[in-house]
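K.L.:
First the structure, then my questions, so here it is.
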Amino acid sequence: MKTLDVMVLGGGPAGAATALTLARHGCSVALAERSDYASDRAGETLPPAIQPLLVQLGVWEQFLEQKPAPSFGVRSAWGSAELRSHDFIFTPYGSGWHVARNHFDALLARCAAEAGAQVYSSVAEPQIVEKGKAWQIDLSTRGEHRRFQAGLIVDATGRRAAFARKQGARRILFDALMGASVVFPARESTPSGFTLIEAVENGWWYSGVLPDSRLIVVYMTDGDIYARTRKDGWRAQIDRTRHTRLRMNLRDLPFSETRLAAANTSRLDRVAGPNWLAVGDAAMAFDPLSGQGVYKAIQFGIRAADSILRRNGYGGDTSFQEYADAVARGHTSYLKSWYQFYDLERRWRSAPFWRRRNNRGC
Ligand SMILES: Cc1cc2nc3c(=O)[nH]c(=O)nc-3n(C[C@H](O)[C@H](O)[C@H](O)COP(=O)(O)OP(=O)(O)OC[C@H]3O[C@@H](n4cnc5c(N)ncnc54)[C@H](O)[C@@H]3O)c2cc1C
């Protein structure tokens with residue numbers, strides 16, 4: 001049995017940032033990831049402000065070596081059918097980025113391993129029991145079995161919050177948004193370098209050109225609306241757009257099946273216990289419209305690591321409470337802007353998707 005200070009469950013951006021930061025500060029930490037990072041993942045647009053976080057993690061050079069595609073801004077038809085531009089050039093860091101998310105996540109996990117974390121991918125659901133003041137964790141990876149004892153568990157398993165919910169934390173849902181994404185060949189004439197957002201009666205669309213010149217197109221709507229309208233088919237939905245359909249050659253077959261992902265705004269009612277913390281989407285999850293999911297996952301991953309280091313050092317018992325307070329403040333301030341942003345779109349006030357979102361901040 002190996003003894004660890006911390007076991008991090010989930011090797012997305014939040015888990016990798018937590019493990020990397022802890023390892024750099026001399027903690028013995030393991031990162032257990034369910035996947036092998038081979039498949040496409042949702043969340044490919046990173047805002048310009050990701051740069052200082054990646055610099056802080058010490059991975060900026062490695063990130064640039066992956067040749068991410070620069071994203072110079074967002075064009076949106078939101079509140080009116082006309083396209084408006086929001087250029088990143090006026091932000092302190094110049095451009096945002098389009099990345100292949102599985103490669104980006106794998107890079108962060110690799111950097112955590114280089115910093116000294118023990119990283120295990122392709123793990124089956126970890127078996128965890130509390131033994132006195134520690135956790136006993138059984139991990140199976142590709143037929144190999146390992147047993148660990150850890151003083152702390154960090155739940156970075158995404159919206160599932162697989163571990164925290166077993167500790168009795170409840171997920172508070174603010175909507176039922178989901179994303180249906182398809183990857184197409186980009187047309188040669190498709191302008192790249194920006195994210196396109198377009199509101200429609202049943203939700204909204206976003207699209208962006210990935211580093212390998214594929215075009216990802218995502219339909220965001222509520223679960224029940226998707227279920228009701230899916231018989232019309234994806235093509236019928238895209239035909240209702242004005243701008244998004246022009247980015248693709250509709251005669252092309254998509255590279256991929258439609259991939260569905262939960263995209264609700266949600267948070268846990270409790271993000272820390274005496275010997276566990278939740279980070280990233282597990283703790284609080286944002287609407288992809290905000291473009292903040294990965295940024296916040298890394299920012300709060302670093303913060304969670306800091307609160308663990310402070311608790312193990314001079315910070316005493318208040319550091320987890322301070323972390324929980326920071327998560328609560330972060331989510332409250334996000335909710336305010338989220339309500340305001342949806343309220344800007346008033347063209348379909350009687351349509352269920354918008355009726356659920358208009359006037360919510362009042
Ligand atoms: C459709 C859609 C589009 C999005 N677009 C953007 C975008 O453009 N920009 C942006 O910044 N954000 C976007 N987001 C949000 C962003 O993807 C998330 O906020 C971000 O991935 C959160 O990181 P995380 O590490 O907390 O969780 P995740 O990225 O979900 O990582 C969780 C990890 O845990 C692993 N895991 C799960 N269960 C277990 C287990 N039991 N044991 C071990 N491992 C486990 C998973 O395999 C995964 O690797 C989007 C989300 C959706 C749904």
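Letters A, B, ... go to the chains of the structure tokens in the order shown; residues in each chain start at 1; ligands are counted from 1 in the same order.
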List every residue of stretch 134-200 of chain A that DSSP, applied to the backbone of this structure, places in strand (DSSP E), and write the result as JSON, numbers by chain.
P.N.:
{"A": [134, 135, 136, 137, 138, 139, 140, 141, 144, 145, 146, 147, 148, 149, 150, 151, 152, 153, 154, 155, 171, 172, 173, 177, 178, 179, 180, 181, 182, 183, 184, 185, 195, 196, 197, 198, 199, 200]}
K.L.:
Using only C-alpha atoms and all ligand atoms, find each residue with an atom at most 6 Å away from ligand 1 and format the answer as an MDAnalysis selection string.
P.N.:
chainID A and resid 9:15 32:35 42:46 125 156:158 162 179 261:263 280:282 288 291:295 297
K.L.:
Restricting the calculation to only C-alpha atoms: of A:Gly26, A:Ala304, A:Trp338, A:Arg187, which residue gets closest to A:Glu322?
P.N.:
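Using only C-alpha atoms, A:Glu322 sits closest to A:Ala304.
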K.L.:
Calculate how many Å separate atom CA of A:Ala180 from atom CA of A:Met220, rounding to one decimal.
P.N.:
6.5 Å
K.L.:
Hey, can you check how far atom CA of A:Phe194 sits from atom CA of A:Ala106?
P.N.:
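Calculated distance between atom CA of A:Phe194 and atom CA of A:Ala106 is 24.1 Å.
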K.L.:
Could you list, as number ranges by chain, every residue within 7 Å of A:Phe320, counting only C-alpha atoms and ignoring same-chain residues fewer than 4 positions away?
P.N.:
A: 272, 307, 324
K.L.:
To one decimal place in Å, what is the distance between atom CA of A:Arg357 and atom CA of A:Tyr342?
P.N.:
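Answer for the atom CA of A:Arg357 to atom CA of A:Tyr342 separation: 6.2 Å.
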K.L.:
Of the residues A:Arg242, A:Arg41, A:Arg24, A:Arg270, which is the one nearest to A:Gly58, using only C-alpha atoms?
P.N.:
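Looking only at the distances to A:Gly58, the closest residue turns out to be A:Arg24.
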K.L.:
Looking at A:Leu309, A:Ala176, A:Leu64, A:Ala17, which one is nearest to A:Tyr226, with distances taken over only C-alpha atoms?
P.N.:
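Counting only C-alpha atoms, the residue closest to A:Tyr226 is A:Ala176.
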K.L.:
Among stretch 26-87 of chain A, which ones does DSSP assign to helix (DSSP H, G or I) (computed from the backbone)? Answer as an MDAnalysis selection string.
P.N.:
chainID A and resid 50:57 60:65
K.L.:
Report as JSON lines the residues of stretch 226-287 of chain A within 12 Å of stretch 68-90 of chain A, each with its shortest atom pair and distance in Å (one decimal), using only C-alpha atoms, ordered by chain and increasing residue number.
P.N.:
```
{"residue": "A:Thr241", "atom": "CA", "partner": "A:Ala81", "partner_atom": "CA", "distance": 9.8}
{"residue": "A:Arg242", "atom": "CA", "partner": "A:Ala81", "partner_atom": "CA", "distance": 8.0}
{"residue": "A:His243", "atom": "CA", "partner": "A:Ala77", "partner_atom": "CA", "distance": 8.2}
{"residue": "A:Thr244", "atom": "CA", "partner": "A:Ala77", "partner_atom": "CA", "distance": 9.9}
```
K.L.:
With 8 Å as the cut-off and only C-alpha atoms counted, what is the closest atom pair between each nearby residue of stretch 211-324 of chain A and stretch 346-356 of chain A? Distances in Å to one decimal, ordered by chain and number, as JSON lines.
P.N.:
```
{"residue": "A:Thr221", "atom": "CA", "partner": "A:Phe353", "partner_atom": "CA", "distance": 7.2}
{"residue": "A:Asp222", "atom": "CA", "partner": "A:Phe353", "partner_atom": "CA", "distance": 6.9}
{"residue": "A:Ile225", "atom": "CA", "partner": "A:Phe353", "partner_atom": "CA", "distance": 7.8}
```
K.L.:
For A:Arg251, work out the shell of residues within 12 Å, counting only C-alpha atoms and skipping chain neighbours fewer than 6 positions away, then give it as JSON, numbers by chain.
P.N.:
{"A": [184, 185, 186, 187, 235, 245]}
K.L.:
Take the selection from the previous step and output its residues with C-alpha atoms, as an mmCIF file, in the first residue's frame.
P.N.:
```
data_model
loop_
_atom_site.group_PDB
_atom_site.id
_atom_site.type_symbol
_atom_site.label_atom_id
_atom_site.label_comp_id
_atom_site.auth_asym_id
_atom_site.auth_seq_id
_atom_site.Cartn_x
_atom_site.Cartn_y
_atom_site.Cartn_z
ATOM 1 C CA PHE A 184 -17.309 18.730 -39.627
ATOM 2 C CA PRO A 185 -14.581 19.361 -42.152
ATOM 3 C CA ALA A 186 -14.138 23.155 -42.255
ATOM 4 C CA ARG A 187 -14.713 24.742 -45.684
ATOM 5 C CA ARG A 235 -29.891 19.173 -40.244
ATOM 6 C CA ARG A 245 -24.899 27.166 -41.501
#
```
